[in-house]
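Here is the structure we will look at, set down as structure tokens.
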Amino acid sequence: MRSVSVLSRLTGLCALMVVALSASQPAHAFADDDARKAILELRQQIKSMSDANQRARMQLADQIEGLEQEVTRLRGMIEQIGRPGGAQASAGGARAEDKAEDPREQSAYDGAMDQFRKGDYKEASDSLTAFLTLYPESTLAPTAQFYLGSSRYALKDYKGAIDRLTLMSQKFASHPRAPDALLVIAGSQIELNNRAGAKTTLQRIVKDYKGTPAAETAAKRLQLLQ
């Protein structure tokens, strides 16, 4: 009798275990499905993030390339405005360059400009500095200031270019060279990685010098800084 009772209890326990296992299988299967779904969603999120990062890198690379091309064009513009007739073309033909009444004054200026046109920017910078020291009130002073700043830019002294051209554009704001000076300032700011400063300078050109070639150029460069 005792063996029958023990066997009966074992049989009952086995039955309970079978029921328990049967009841637990759907829960495990459900948990596995959730885990797989979560993994798939996470992989998709990672892929989306990677695609977005790739697009952002490509857009940034395009912007950098555009800015580099614009800097190259700016350097070409500085060389162009140093050539005979370049000033009038850049200023939209507003007026011819001023002439000094004193022959010695004019000769000193012409000598410095010859150096600039030849690409001797260090010598041109020194000569223009000397000219402005000797003739600070010359009618040629605004143009001399402009070419002095442009010489500093060509020498990659961007801070020096900004200092000289800021002085020129503030003191002679109505001079035909003023918007060109601001363009070179913006180029110097880009070279110094001061995009915010360059954007502000270009916006000033567009606002204060509407209808000039410099304003048209500034508007195009602003698009690259957006």
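We name chains A, B, ... following the order of the structure tokens; residues begin at 1 in each chain, and ligands are numbered from 1 as shown.
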
Would you list the contacts of region 134-151 of chain A as an NGL selection string, taking every protein, DNA or RNA residue within 9 Å and counting only C-alpha atoms, but skipping same-chain residues closer than 2 positions in sequence? :A and (78 or 82 or 97-100 or 105-106 or 109 or 112-113 or 116 or 119-122 or 124-132 or 153-158 or 160-169 or 171-172 or 175 or 177-178 or 180-181 or 184-185)

With DSSP run on the backbone, what are the helix (DSSP H, G or I) residues within region 126-185 of chain A? I'd like them as a PyMOL selection string. chain A and resi 126-134+141-154+158-171+178-185

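Going from CA of Ala108 (chain A) over to CA of Pro176 (chain A), you cover 21.8 Å.
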
Polymer residues at most 6 Å from region 215-218 of chain A, only C-alpha atoms, same-chain spacing of 2 or more positions, as a compact mmCIF listing (two decimals) with C-alpha atoms, in the first residue's frame:
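For reference, around_34.txt as written:
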# COMPACT_ATOMS: atom_id res chain seq x y z
CA LEU A 202 29.50 89.89 -46.47
CA ILE A 205 28.53 94.56 -48.30
CA VAL A 206 25.15 93.38 -49.59
CA TYR A 209 26.79 98.61 -51.37
CA LYS A 210 23.77 97.38 -53.32
CA THR A 212 27.99 96.94 -56.99
CA PRO A 213 29.97 93.97 -58.32
CA LYS A 220 27.18 84.38 -53.81
CA ARG A 221 29.69 83.80 -51.03

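Closest approach to Leu225 (chain A) among A:Lys199, A:Lys159, A:Leu182, A:Asp51 is made by A:Lys199 (distances from only C-alpha atoms).
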